[in-house]
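Enquirer: I am sharing structure-v4.cif, which consists of mmCIF, C-alpha atoms, pLDDT in the B column; chains and numbers go by the auth columns:
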data_protein
#
loop_
_atom_site.group_PDB
_atom_site.id
_atom_site.type_symbol
_atom_site.label_atom_id
_atom_site.label_comp_id
_atom_site.label_asym_id
_atom_site.label_seq_id
_atom_site.Cartn_x
_atom_site.Cartn_y
_atom_site.Cartn_z
_atom_site.B_iso_or_equiv
_atom_site.auth_seq_id
_atom_site.auth_asym_id
ATOM 1 C CA GLU A 1 0.000 0.000 0.000 55.00 45 A
ATOM 2 C CA GLU A 2 2.830 2.366 0.859 51.00 46 A
ATOM 3 C CA GLY A 3 4.558 1.390 -2.400 54.00 47 A
ATOM 4 C CA GLU A 4 1.442 2.266 -4.419 56.00 48 A
ATOM 5 C CA ARG A 5 1.237 5.653 -2.702 57.00 49 A
ATOM 6 C CA GLU A 6 4.883 6.390 -3.482 59.00 50 A
ATOM 7 C CA GLU A 7 4.336 5.323 -7.099 61.00 51 A
ATOM 8 C CA GLY A 8 1.316 7.656 -7.359 60.00 52 A
ATOM 9 C CA GLU A 9 3.244 10.571 -5.887 59.00 53 A
ATOM 10 C CA ARG A 10 6.110 9.939 -8.312 62.00 54 A
ATOM 11 C CA GLU A 11 3.754 9.904 -11.331 61.00 55 A
ATOM 12 C CA GLU A 12 2.081 13.120 -10.165 61.00 56 A
ATOM 13 C CA GLY A 13 5.476 14.752 -9.768 54.00 57 A
ATOM 14 C CA GLU A 14 6.444 13.709 -13.297 56.00 58 A
ATOM 15 C CA ARG A 15 3.218 15.174 -14.706 55.00 59 A
ATOM 16 C CA GLU A 16 3.801 18.488 -12.924 55.00 60 A
ATOM 17 C CA GLU A 17 7.389 18.560 -14.144 53.00 61 A
ATOM 18 C CA GLY A 18 6.239 17.863 -17.710 54.00 62 A
ATOM 19 C CA GLY A 19 3.679 20.666 -17.521 55.00 63 A
ATOM 20 C CA GLU A 20 6.306 23.098 -16.248 57.00 64 A
ATOM 21 C CA GLU A 21 8.656 22.138 -19.085 58.00 65 A
ATOM 22 C CA GLU A 22 5.906 22.676 -21.662 57.00 66 A
ATOM 23 C CA GLU A 23 5.063 26.076 -20.154 59.00 67 A
ATOM 24 C CA GLU A 24 8.734 27.081 -20.176 60.00 68 A
ATOM 25 C CA GLU A 25 9.055 25.992 -23.810 61.00 69 A
ATOM 26 C CA ALA A 26 5.964 28.001 -24.768 61.00 70 A
ATOM 27 C CA GLN A 27 7.321 31.089 -22.998 59.00 71 A
ATOM 28 C CA HIS A 28 10.707 30.724 -24.671 59.00 72 A
ATOM 29 C CA THR A 29 9.085 30.203 -28.079 61.00 73 A
ATOM 30 C CA SER A 30 6.791 33.237 -27.842 62.00 74 A
ATOM 31 C CA GLU A 31 9.797 35.408 -27.018 58.00 75 A
ATOM 32 C CA GLU A 32 11.742 33.832 -29.863 59.00 76 A
ATOM 33 C CA ILE A 33 8.874 34.414 -32.309 58.00 77 A
ATOM 34 C CA THR A 34 8.617 38.130 -31.561 56.00 78 A
ATOM 35 C CA LEU A 35 12.406 38.426 -31.709 50.00 79 A
ATOM 36 C CA GLU A 36 12.578 36.661 -35.092 53.00 80 A
ATOM 37 C CA ALA A 37 9.749 38.813 -36.431 53.00 81 A
ATOM 38 C CA SER A 38 11.524 41.978 -35.359 49.00 82 A
ATOM 39 C CA LEU A 39 14.915 40.916 -36.728 42.00 83 A
ATOM 40 C CA SER A 40 13.455 39.836 -40.074 47.00 84 A
ATOM 41 C CA ARG A 41 11.718 43.149 -40.836 46.00 85 A
ATOM 42 C CA GLU A 42 13.121 44.811 -43.949 41.00 86 A
ATOM 43 C CA ASP A 43 13.587 48.294 -42.585 37.00 87 A
ATOM 44 C CA THR A 44 16.377 50.483 -41.201 31.00 88 A
ATOM 45 C CA LYS A 45 16.307 49.168 -37.647 38.00 89 A
ATOM 46 C CA THR A 46 19.530 47.777 -36.251 32.00 90 A
ATOM 47 C CA GLY A 47 19.559 44.415 -34.488 34.00 91 A
ATOM 48 C CA GLU A 48 19.747 46.169 -31.120 35.00 92 A
ATOM 49 C CA GLN A 49 16.699 48.308 -31.897 38.00 93 A
ATOM 50 C CA ALA A 50 14.756 45.274 -33.112 33.00 94 A
ATOM 51 C CA VAL A 51 15.473 43.393 -29.900 32.00 95 A
ATOM 52 C CA HIS A 52 14.263 46.414 -27.937 39.00 96 A
ATOM 53 C CA THR A 53 11.036 46.427 -29.991 36.00 97 A
ATOM 54 C CA SER A 54 10.382 42.727 -29.376 37.00 98 A
ATOM 55 C CA GLU A 55 10.922 43.141 -25.631 40.00 99 A
ATOM 56 C CA ARG A 56 8.572 46.131 -25.597 41.00 100 A
ATOM 57 C CA VAL A 57 5.837 44.143 -27.356 39.00 101 A
ATOM 58 C CA GLN A 58 6.135 41.348 -24.797 43.00 102 A
ATOM 59 C CA HIS A 59 5.455 43.781 -21.970 40.00 103 A
ATOM 60 C CA ASP A 60 3.396 46.519 -23.629 45.00 104 A
ATOM 61 C CA PRO A 61 0.120 45.356 -25.257 45.00 105 A
ATOM 62 C CA ASP A 62 -0.535 48.933 -26.408 48.00 106 A
ATOM 63 C CA ASP A 63 2.607 49.064 -28.551 48.00 107 A
ATOM 64 C CA PRO A 64 1.609 50.972 -31.737 47.00 108 A
ATOM 65 C CA ALA A 65 3.628 48.447 -33.794 46.00 109 A
ATOM 66 C CA VAL A 66 0.844 45.965 -33.056 47.00 110 A
ATOM 67 C CA HIS A 67 -2.161 48.135 -33.861 47.00 111 A
ATOM 68 C CA SER A 68 -1.027 50.646 -36.501 49.00 112 A
ATOM 69 C CA SER A 69 -1.657 49.615 -40.083 51.00 113 A
ATOM 70 C CA SER A 70 -0.147 50.529 -43.418 52.00 114 A
ATOM 71 C CA PRO A 71 -2.444 50.891 -46.434 56.00 115 A
ATOM 72 C CA LEU A 72 0.485 49.821 -48.609 68.00 116 A
ATOM 73 C CA PHE A 73 1.174 46.511 -46.877 78.00 117 A
ATOM 74 C CA ARG A 74 -0.140 43.297 -48.402 82.00 118 A
ATOM 75 C CA VAL A 75 0.840 39.820 -47.281 80.00 119 A
ATOM 76 C CA PRO A 76 3.392 38.354 -49.728 78.00 120 A
ATOM 77 C CA ILE A 77 1.403 35.169 -50.466 77.00 121 A
ATOM 78 C CA ALA A 78 -1.790 34.416 -52.387 74.00 122 A
ATOM 79 C CA THR A 79 -4.793 33.999 -50.092 77.00 123 A
ATOM 80 C CA PRO A 80 -8.515 33.442 -50.679 74.00 124 A
ATOM 81 C CA ALA A 81 -10.090 36.722 -51.784 70.00 125 A
ATOM 82 C CA HIS A 82 -12.289 37.221 -48.710 76.00 126 A
ATOM 83 C CA MET A 83 -9.750 36.157 -46.090 82.00 127 A
ATOM 84 C CA ILE A 84 -8.795 38.873 -43.595 87.00 128 A
ATOM 85 C CA THR A 85 -5.016 39.347 -43.376 89.00 129 A
ATOM 86 C CA PRO A 86 -2.653 41.329 -41.088 89.00 130 A
ATOM 87 C CA THR A 87 -2.190 45.019 -41.865 87.00 131 A
ATOM 88 C CA THR A 88 1.405 45.378 -40.645 88.00 132 A
ATOM 89 C CA VAL A 89 4.657 43.637 -41.549 87.00 133 A
ATOM 90 C CA LYS A 90 5.364 42.928 -37.880 87.00 134 A
ATOM 91 C CA HIS A 91 2.019 41.267 -37.210 89.00 135 A
ATOM 92 C CA TYR A 92 2.267 39.183 -40.371 87.00 136 A
ATOM 93 C CA GLU A 93 5.721 37.918 -39.445 88.00 137 A
ATOM 94 C CA VAL A 94 4.668 37.002 -35.897 89.00 138 A
ATOM 95 C CA ILE A 95 1.729 34.990 -37.291 89.00 139 A
ATOM 96 C CA ALA A 96 3.933 33.354 -39.933 88.00 140 A
ATOM 97 C CA HIS A 97 6.613 32.372 -37.399 87.00 141 A
ATOM 98 C CA THR A 98 3.964 31.024 -34.994 88.00 142 A
ATOM 99 C CA ALA A 99 2.311 28.983 -37.765 87.00 143 A
ATOM 100 C CA ARG A 100 5.676 27.460 -38.621 86.00 144 A
ATOM 101 C CA TYR A 101 6.344 26.467 -35.001 85.00 145 A
ATOM 102 C CA VAL A 102 2.844 25.031 -34.541 85.00 146 A
ATOM 103 C CA ALA A 103 3.057 23.050 -37.785 83.00 147 A
ATOM 104 C CA ALA A 104 6.328 21.547 -36.538 83.00 148 A
ATOM 105 C CA HIS A 105 5.335 20.827 -32.912 83.00 149 A
ATOM 106 C CA GLY A 106 1.602 20.084 -33.028 82.00 150 A
ATOM 107 C CA LEU A 107 -1.584 20.957 -31.145 80.00 151 A
ATOM 108 C CA PRO A 108 -0.372 20.516 -27.510 82.00 152 A
ATOM 109 C CA PHE A 109 2.395 23.007 -28.200 82.00 153 A
ATOM 110 C CA ALA A 110 -0.102 25.415 -29.799 83.00 154 A
ATOM 111 C CA LEU A 111 -2.377 25.237 -26.750 84.00 155 A
ATOM 112 C CA ALA A 112 0.526 25.917 -24.378 85.00 156 A
ATOM 113 C CA LEU A 113 1.651 28.859 -26.517 85.00 157 A
ATOM 114 C CA ARG A 114 -1.883 30.254 -26.626 84.00 158 A
ATOM 115 C CA THR A 115 -2.201 29.985 -22.820 86.00 159 A
ATOM 116 C CA ARG A 116 1.171 31.631 -22.294 85.00 160 A
ATOM 117 C CA ASN A 117 0.223 34.625 -24.496 85.00 161 A
ATOM 118 C CA ARG A 118 -3.390 35.131 -23.425 85.00 162 A
ATOM 119 C CA GLY A 119 -3.917 38.877 -23.034 87.00 163 A
ATOM 120 C CA ASN A 120 -1.183 39.796 -25.525 88.00 164 A
ATOM 121 C CA PRO A 121 -2.984 41.300 -28.573 88.00 165 A
ATOM 122 C CA LEU A 122 -0.095 40.303 -30.813 87.00 166 A
ATOM 123 C CA PHE A 123 -1.168 36.668 -30.332 89.00 167 A
ATOM 124 C CA ASP A 124 -4.961 37.143 -30.463 90.00 168 A
ATOM 125 C CA PHE A 125 -4.939 35.307 -33.799 90.00 169 A
ATOM 126 C CA MET A 126 -4.538 32.027 -31.878 88.00 170 A
ATOM 127 C CA ASP A 127 -8.087 32.435 -30.541 88.00 171 A
ATOM 128 C CA PRO A 128 -10.554 30.536 -32.806 86.00 172 A
ATOM 129 C CA ASP A 129 -12.959 33.505 -32.597 88.00 173 A
ATOM 130 C CA ASP A 130 -10.397 36.048 -33.807 91.00 174 A
ATOM 131 C CA VAL A 131 -10.779 37.405 -37.361 91.00 175 A
ATOM 132 C CA LEU A 132 -7.156 36.483 -38.161 91.00 176 A
ATOM 133 C CA HIS A 133 -7.458 32.874 -36.954 89.00 177 A
ATOM 134 C CA PRO A 134 -8.418 31.542 -40.428 86.00 178 A
ATOM 135 C CA PHE A 135 -5.287 33.201 -41.823 87.00 179 A
ATOM 136 C CA PHE A 136 -3.204 31.579 -39.065 88.00 180 A
ATOM 137 C CA LEU A 137 -4.642 28.164 -40.003 85.00 181 A
ATOM 138 C CA PHE A 138 -4.094 28.923 -43.681 84.00 182 A
ATOM 139 C CA LEU A 139 -0.369 29.516 -43.106 86.00 183 A
ATOM 140 C CA GLN A 140 -0.025 26.133 -41.410 85.00 184 A
ATOM 141 C CA ASN A 141 -1.286 24.290 -44.500 79.00 185 A
ATOM 142 C CA PRO A 142 -1.998 26.736 -47.351 73.00 186 A
ATOM 143 C CA ASP A 143 -2.597 24.142 -50.085 73.00 187 A
ATOM 144 C CA GLN A 144 -5.204 22.233 -48.089 70.00 188 A
ATOM 145 C CA MET A 145 -6.918 25.400 -46.830 73.00 189 A
ATOM 146 C CA ARG A 146 -7.043 26.891 -50.341 73.00 190 A
ATOM 147 C CA GLU A 147 -8.506 23.672 -51.771 75.00 191 A
ATOM 148 C CA GLU A 148 -11.153 23.507 -49.027 76.00 192 A
ATOM 149 C CA HIS A 149 -12.017 27.169 -49.563 73.00 193 A
ATOM 150 C CA LEU A 150 -12.371 26.741 -53.344 74.00 194 A
ATOM 151 C CA SER A 151 -14.398 23.571 -52.858 78.00 195 A
ATOM 152 C CA GLN A 152 -16.863 25.373 -50.571 78.00 196 A
ATOM 153 C CA LEU A 153 -16.973 28.392 -52.872 76.00 197 A
ATOM 154 C CA CYS A 154 -17.691 26.394 -56.033 80.00 198 A
ATOM 155 C CA ALA A 155 -20.378 24.356 -54.279 80.00 199 A
ATOM 156 C CA GLN A 156 -22.514 27.494 -53.918 82.00 200 A
ATOM 157 C CA PRO A 157 -23.071 29.067 -57.353 88.00 201 A
ATOM 158 C CA PRO A 158 -25.338 32.117 -57.674 88.00 202 A
ATOM 159 C CA SER A 159 -29.068 31.605 -58.154 88.00 203 A
ATOM 160 C CA GLU A 160 -28.885 32.303 -61.906 88.00 204 A
ATOM 161 C CA ILE A 161 -26.795 29.128 -62.344 90.00 205 A
ATOM 162 C CA ALA A 162 -29.687 26.672 -62.346 85.00 206 A
ATOM 163 C CA CYS A 163 -27.831 23.505 -63.351 91.00 207 A
ATOM 164 C CA PHE A 164 -24.548 22.230 -61.928 91.00 208 A
ATOM 165 C CA PRO A 165 -23.143 18.914 -60.654 90.00 209 A
ATOM 166 C CA SER A 166 -24.762 17.948 -57.386 86.00 210 A
ATOM 167 C CA ASP A 167 -21.913 15.684 -56.285 87.00 211 A
ATOM 168 C CA ALA A 168 -18.527 16.769 -54.956 82.00 212 A
ATOM 169 C CA ALA A 169 -16.659 14.656 -57.533 85.00 213 A
ATOM 170 C CA GLY A 170 -18.437 16.350 -60.445 89.00 214 A
ATOM 171 C CA GLN A 171 -17.756 19.806 -59.032 89.00 215 A
ATOM 172 C CA ALA A 172 -14.102 18.871 -58.470 87.00 216 A
ATOM 173 C CA THR A 173 -13.783 17.823 -62.138 91.00 217 A
ATOM 174 C CA VAL A 174 -15.164 21.151 -63.335 92.00 218 A
ATOM 175 C CA ARG A 175 -12.853 22.986 -60.937 89.00 219 A
ATOM 176 C CA LYS A 176 -9.829 20.981 -62.118 89.00 220 A
ATOM 177 C CA VAL A 177 -10.494 21.690 -65.806 92.00 221 A
ATOM 178 C CA ALA A 178 -11.172 25.376 -65.089 92.00 222 A
ATOM 179 C CA THR A 179 -7.890 25.641 -63.163 89.00 223 A
ATOM 180 C CA LEU A 180 -5.912 24.004 -66.001 90.00 224 A
ATOM 181 C CA VAL A 181 -7.530 26.268 -68.596 92.00 225 A
ATOM 182 C CA LEU A 182 -6.672 29.360 -66.541 90.00 226 A
ATOM 183 C CA GLU A 183 -3.058 28.163 -66.272 89.00 227 A
ATOM 184 C CA HIS A 184 -2.553 27.102 -69.904 89.00 228 A
ATOM 185 C CA GLY A 185 -5.038 29.195 -71.855 90.00 229 A
ATOM 186 C CA LEU A 186 -7.872 28.675 -74.325 88.00 230 A
ATOM 187 C CA PRO A 187 -5.886 26.357 -76.657 91.00 231 A
ATOM 188 C CA LEU A 188 -6.033 23.711 -73.912 91.00 232 A
ATOM 189 C CA GLU A 189 -9.772 24.257 -73.516 92.00 233 A
ATOM 190 C CA LYS A 190 -10.183 23.732 -77.253 91.00 234 A
ATOM 191 C CA ARG A 191 -8.231 20.460 -77.132 91.00 235 A
ATOM 192 C CA ILE A 192 -10.322 19.244 -74.185 91.00 236 A
ATOM 193 C CA ARG A 193 -13.535 20.106 -76.018 90.00 237 A
ATOM 194 C CA GLU A 194 -12.361 18.378 -79.203 89.00 238 A
ATOM 195 C CA SER A 195 -11.503 15.225 -77.263 86.00 239 A
ATOM 196 C CA VAL A 196 -15.282 14.602 -76.997 79.00 240 A
ATOM 197 C CA HIS A 197 -14.731 12.992 -73.606 86.00 241 A
ATOM 198 C CA PRO A 198 -18.115 12.714 -71.844 88.00 242 A
ATOM 199 C CA GLU A 199 -16.582 13.681 -68.482 90.00 243 A
ATOM 200 C CA TYR A 200 -15.542 17.061 -69.947 92.00 244 A
ATOM 201 C CA ALA A 201 -18.662 17.708 -72.029 93.00 245 A
ATOM 202 C CA PHE A 202 -19.390 20.795 -69.896 94.00 246 A
ATOM 203 C CA THR A 203 -16.777 22.673 -71.959 94.00 247 A
ATOM 204 C CA GLU A 204 -19.301 22.649 -74.827 93.00 248 A
ATOM 205 C CA PRO A 205 -21.361 25.882 -74.889 93.00 249 A
ATOM 206 C CA ALA A 206 -24.575 23.900 -75.387 93.00 250 A
ATOM 207 C CA HIS A 207 -24.023 21.678 -72.362 94.00 251 A
ATOM 208 C CA LEU A 208 -26.278 21.963 -69.322 93.00 252 A
ATOM 209 C CA TYR A 209 -23.321 22.680 -66.997 94.00 253 A
ATOM 210 C CA HIS A 210 -21.478 25.106 -69.282 94.00 254 A
ATOM 211 C CA ALA A 211 -22.731 28.215 -67.452 94.00 255 A
ATOM 212 C CA TYR A 212 -21.508 26.702 -64.181 93.00 256 A
ATOM 213 C CA TYR A 213 -18.120 25.935 -65.770 94.00 257 A
ATOM 214 C CA CYS A 214 -17.791 29.551 -66.971 94.00 258 A
ATOM 215 C CA TRP A 215 -18.755 30.835 -63.522 93.00 259 A
ATOM 216 C CA VAL A 216 -16.126 28.594 -61.877 92.00 260 A
ATOM 217 C CA LYS A 217 -13.452 29.934 -64.249 92.00 261 A
ATOM 218 C CA LYS A 218 -14.455 33.506 -63.429 90.00 262 A
ATOM 219 C CA THR A 219 -14.488 32.781 -59.688 87.00 263 A
ATOM 220 C CA LEU A 220 -11.069 31.095 -59.725 86.00 264 A
ATOM 221 C CA ARG A 221 -9.625 33.959 -61.764 85.00 265 A
ATOM 222 C CA GLU A 222 -10.860 36.474 -59.193 81.00 266 A
ATOM 223 C CA GLU A 223 -9.496 34.359 -56.316 75.00 267 A
ATOM 224 C CA THR A 224 -5.976 34.365 -57.780 67.00 268 A
ATOM 225 C CA MET A 225 -5.838 38.082 -58.647 63.00 269 A
#
For the structure just supplied, provide its representation as structure tokens.
Expert:
Amino acid sequence: EEGEREEGEREEGEREEGGEEEEEEAQHTSEEITLEASLSREDTKTGEQAVHTSERVQHDPDDPAVHSSSPLFRVPIATPAHMITPTTVKHYEVIAHTARYVAAHGLPFALALRTRNRGNPLFDFMDPDDVLHPFFLFLQNPDQMREEHLSQLCAQPPSEIACFPSDAAGQATVRKVATLVLEHGLPLEKRIRESVHPEYAFTEPAHLYHAYYCWVKKTLREETM
């Protein structure tokens, strides 16, 4: 009985020690993220000034570097057209660095990092209710997020498009052909149409799904602009 009690106390001690190590790692990582973001900014700051800025952000939630926006700044990657993105270089780089760490270390690490930075507006994007959270998720796996976004978008054509494939596979085929045509031009569309393949019959102007196909092309073109 005494041995079981000692074993239980030892296991509890190990769990507490593990939790402390995870908390320490999260604290170290959040400091490292803001430091990397500051040092990677393409401006005239020296390394010493950048370190000072990162330390100030850690302790000053009202730092104007967090809240001020630049109308000229756009994130340097293609995102879905309606996705909200950061308005400052600094905020973008903090989110990008965090996404990279979370992608490498997994959900438990993300939860510890989120707990460690609760109350710091620079890390609000880790909250699922924050407007920048979808962008944070997008950076962790952009190809999958973009495909899911396009899939959802193309599954909801406007009311004037009366006929379109009702199954996900049919919609995916239309989306695939539309994407290839946008990449390689109308000559490819002509070759596909001349192949008389029944799966691609929607490329024919007289086909029931042709209006949907044209709408998908237009939508994908707008998404990549």
Enquirer: In terms of the shortest atom-to-atom distance over all atoms listed in the file, which of A:Pro231, A:Pro178, A:Pro201, A:Pro186 is closest to A:Pro130?
Expert: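 Comparing A:Pro231, A:Pro178, A:Pro201, A:Pro186 against A:Pro130, the winner is A:Pro178.
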Enquirer: Closest to A:Gly150 among A:His177, A:Gln184, A:Pro172, A:Thr263, using only C-alpha atoms?
Expert: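 Among the listed residues, the smallest separation from A:Gly150 belongs to A:Gln184.
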Enquirer: For A:Ile236, which of A:Gln196, A:Lys261, A:Leu224, A:Tyr253 is the closest residue, counting only C-alpha atoms?
Expert: A:Leu224
Enquirer: Between atom CA of A:Ser203 and atom CA of A:Thr217, what is the distance, to one decimal in Å?
Expert: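 A separation of 21.0 Å between them.
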Enquirer: Just give me the residues with any atom within 9 Å of (-20.1, 21.3, -67.1), file coordinates, counting only C-alpha atoms, written as a ChimeraX atom specification.
Expert: /A:207-209,214-215,217-218,243-248,251-258
Enquirer: Separation of atom CA of A:Pro120 and atom CA of A:Glu137, in Å?
Expert: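 Here the two named atoms are 10.6 Å from each other.
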Enquirer: Counting only C-alpha atoms, find the residues whose atoms lie at most 10 Å from (3.0, 30.1, -34.5) (file coordinates) and write them out as a list in words.
Expert: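 Residues found, by chain and rising number: Thr73, Ser74, Ile77, Glu137, Val138, Ile139, Ala140, His141, Thr142, Ala143, Arg144, Tyr145, Val146, Ala147, Ala148, His149, Phe153, Ala154, Leu157, Arg158, Phe167, Phe169, Met170, Phe180, Leu181, Leu183 and Gln184 of chain A.
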Enquirer: Produce a file of the selected residues containing C-alpha atoms, as a PDB file, in the frame of the given file.
Expert:
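Just written: selection-v8.pdb:
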ATOM      1  CA  THR A  73       9.085  30.203 -28.079  1.00 61.00           C
ATOM      2  CA  SER A  74       6.791  33.237 -27.842  1.00 62.00           C
ATOM      3  CA  ILE A  77       8.874  34.414 -32.309  1.00 58.00           C
ATOM      4  CA  GLU A 137       5.721  37.918 -39.445  1.00 88.00           C
ATOM      5  CA  VAL A 138       4.668  37.002 -35.897  1.00 89.00           C
ATOM      6  CA  ILE A 139       1.729  34.990 -37.291  1.00 89.00           C
ATOM      7  CA  ALA A 140       3.933  33.354 -39.933  1.00 88.00           C
ATOM      8  CA  HIS A 141       6.613  32.372 -37.399  1.00 87.00           C
ATOM      9  CA  THR A 142       3.964  31.024 -34.994  1.00 88.00           C
ATOM     10  CA  ALA A 143       2.311  28.983 -37.765  1.00 87.00           C
ATOM     11  CA  ARG A 144       5.676  27.460 -38.621  1.00 86.00           C
ATOM     12  CA  TYR A 145       6.344  26.467 -35.001  1.00 85.00           C
ATOM     13  CA  VAL A 146       2.844  25.031 -34.541  1.00 85.00           C
ATOM     14  CA  ALA A 147       3.057  23.050 -37.785  1.00 83.00           C
ATOM     15  CA  ALA A 148       6.328  21.547 -36.538  1.00 83.00           C
ATOM     16  CA  HIS A 149       5.335  20.827 -32.912  1.00 83.00           C
ATOM     17  CA  PHE A 153       2.395  23.007 -28.200  1.00 82.00           C
ATOM     18  CA  ALA A 154      -0.102  25.415 -29.799  1.00 83.00           C
ATOM     19  CA  LEU A 157       1.651  28.859 -26.517  1.00 85.00           C
ATOM     20  CA  ARG A 158      -1.883  30.254 -26.626  1.00 84.00           C
ATOM     21  CA  PHE A 167      -1.168  36.668 -30.332  1.00 89.00           C
ATOM     22  CA  PHE A 169      -4.939  35.307 -33.799  1.00 90.00           C
ATOM     23  CA  MET A 170      -4.538  32.027 -31.878  1.00 88.00           C
ATOM     24  CA  PHE A 180      -3.204  31.579 -39.065  1.00 88.00           C
ATOM     25  CA  LEU A 181      -4.642  28.164 -40.003  1.00 85.00           C
ATOM     26  CA  LEU A 183      -0.369  29.516 -43.106  1.00 86.00           C
ATOM     27  CA  GLN A 184      -0.025  26.133 -41.410  1.00 85.00           C
TER      28      GLN A 184
END
Enquirer: Between A:Lys262, A:His126, A:His135, A:Lys234, which has the minimum distance to A:Asp168 (counting all atoms listed in the file)?
Expert: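 Between A:Lys262, A:His126, A:His135, A:Lys234, the residue approaching A:Asp168 most closely is A:His135.
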Enquirer: Distance atom CA of A:Arg219-atom CA of A:Val260, one decimal place?
Expert: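 Between atom CA of A:Arg219 and atom CA of A:Val260 the gap is 6.6 Å.
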Enquirer: Applying 8 Å and all atoms listed in the file, which residues near A:Val119 remain after dropping the ones on its own chain fewer than 2 positions away? List them as a PDB file with C-alpha atoms, in the coordinates of the input.
Expert:
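Contents of the output file around.pdb:
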ATOM      1  CA  PHE A 117       1.174  46.511 -46.877  1.00 78.00           C
ATOM      2  CA  ILE A 121       1.403  35.169 -50.466  1.00 77.00           C
ATOM      3  CA  ALA A 122      -1.790  34.416 -52.387  1.00 74.00           C
ATOM      4  CA  THR A 129      -5.016  39.347 -43.376  1.00 89.00           C
ATOM      5  CA  PRO A 130      -2.653  41.329 -41.088  1.00 89.00           C
ATOM      6  CA  VAL A 133       4.657  43.637 -41.549  1.00 87.00           C
ATOM      7  CA  TYR A 136       2.267  39.183 -40.371  1.00 87.00           C
TER       8      TYR A 136
END
Enquirer: Can you sort out the box for stretch 202-214 of chain A, edges along x, y and z, all listed atoms in, 8 Å on every side, with centre and edge lengths in Å to one decimal, as JSON?
Expert:
{"center_x": -23.2, "center_y": 23.5, "center_z": -59.2, "size_x": 29.0, "size_y": 33.6, "size_z": 24.4}
Enquirer: May I ask which of the residues A:Leu194, A:Ala250, A:Val240, A:Ile128 is the closest one to A:Arg265, counting only C-alpha atoms?
Expert: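 Going through A:Leu194, A:Ala250, A:Val240, A:Ile128 one by one, the smallest distance to A:Arg265 is for A:Leu194.
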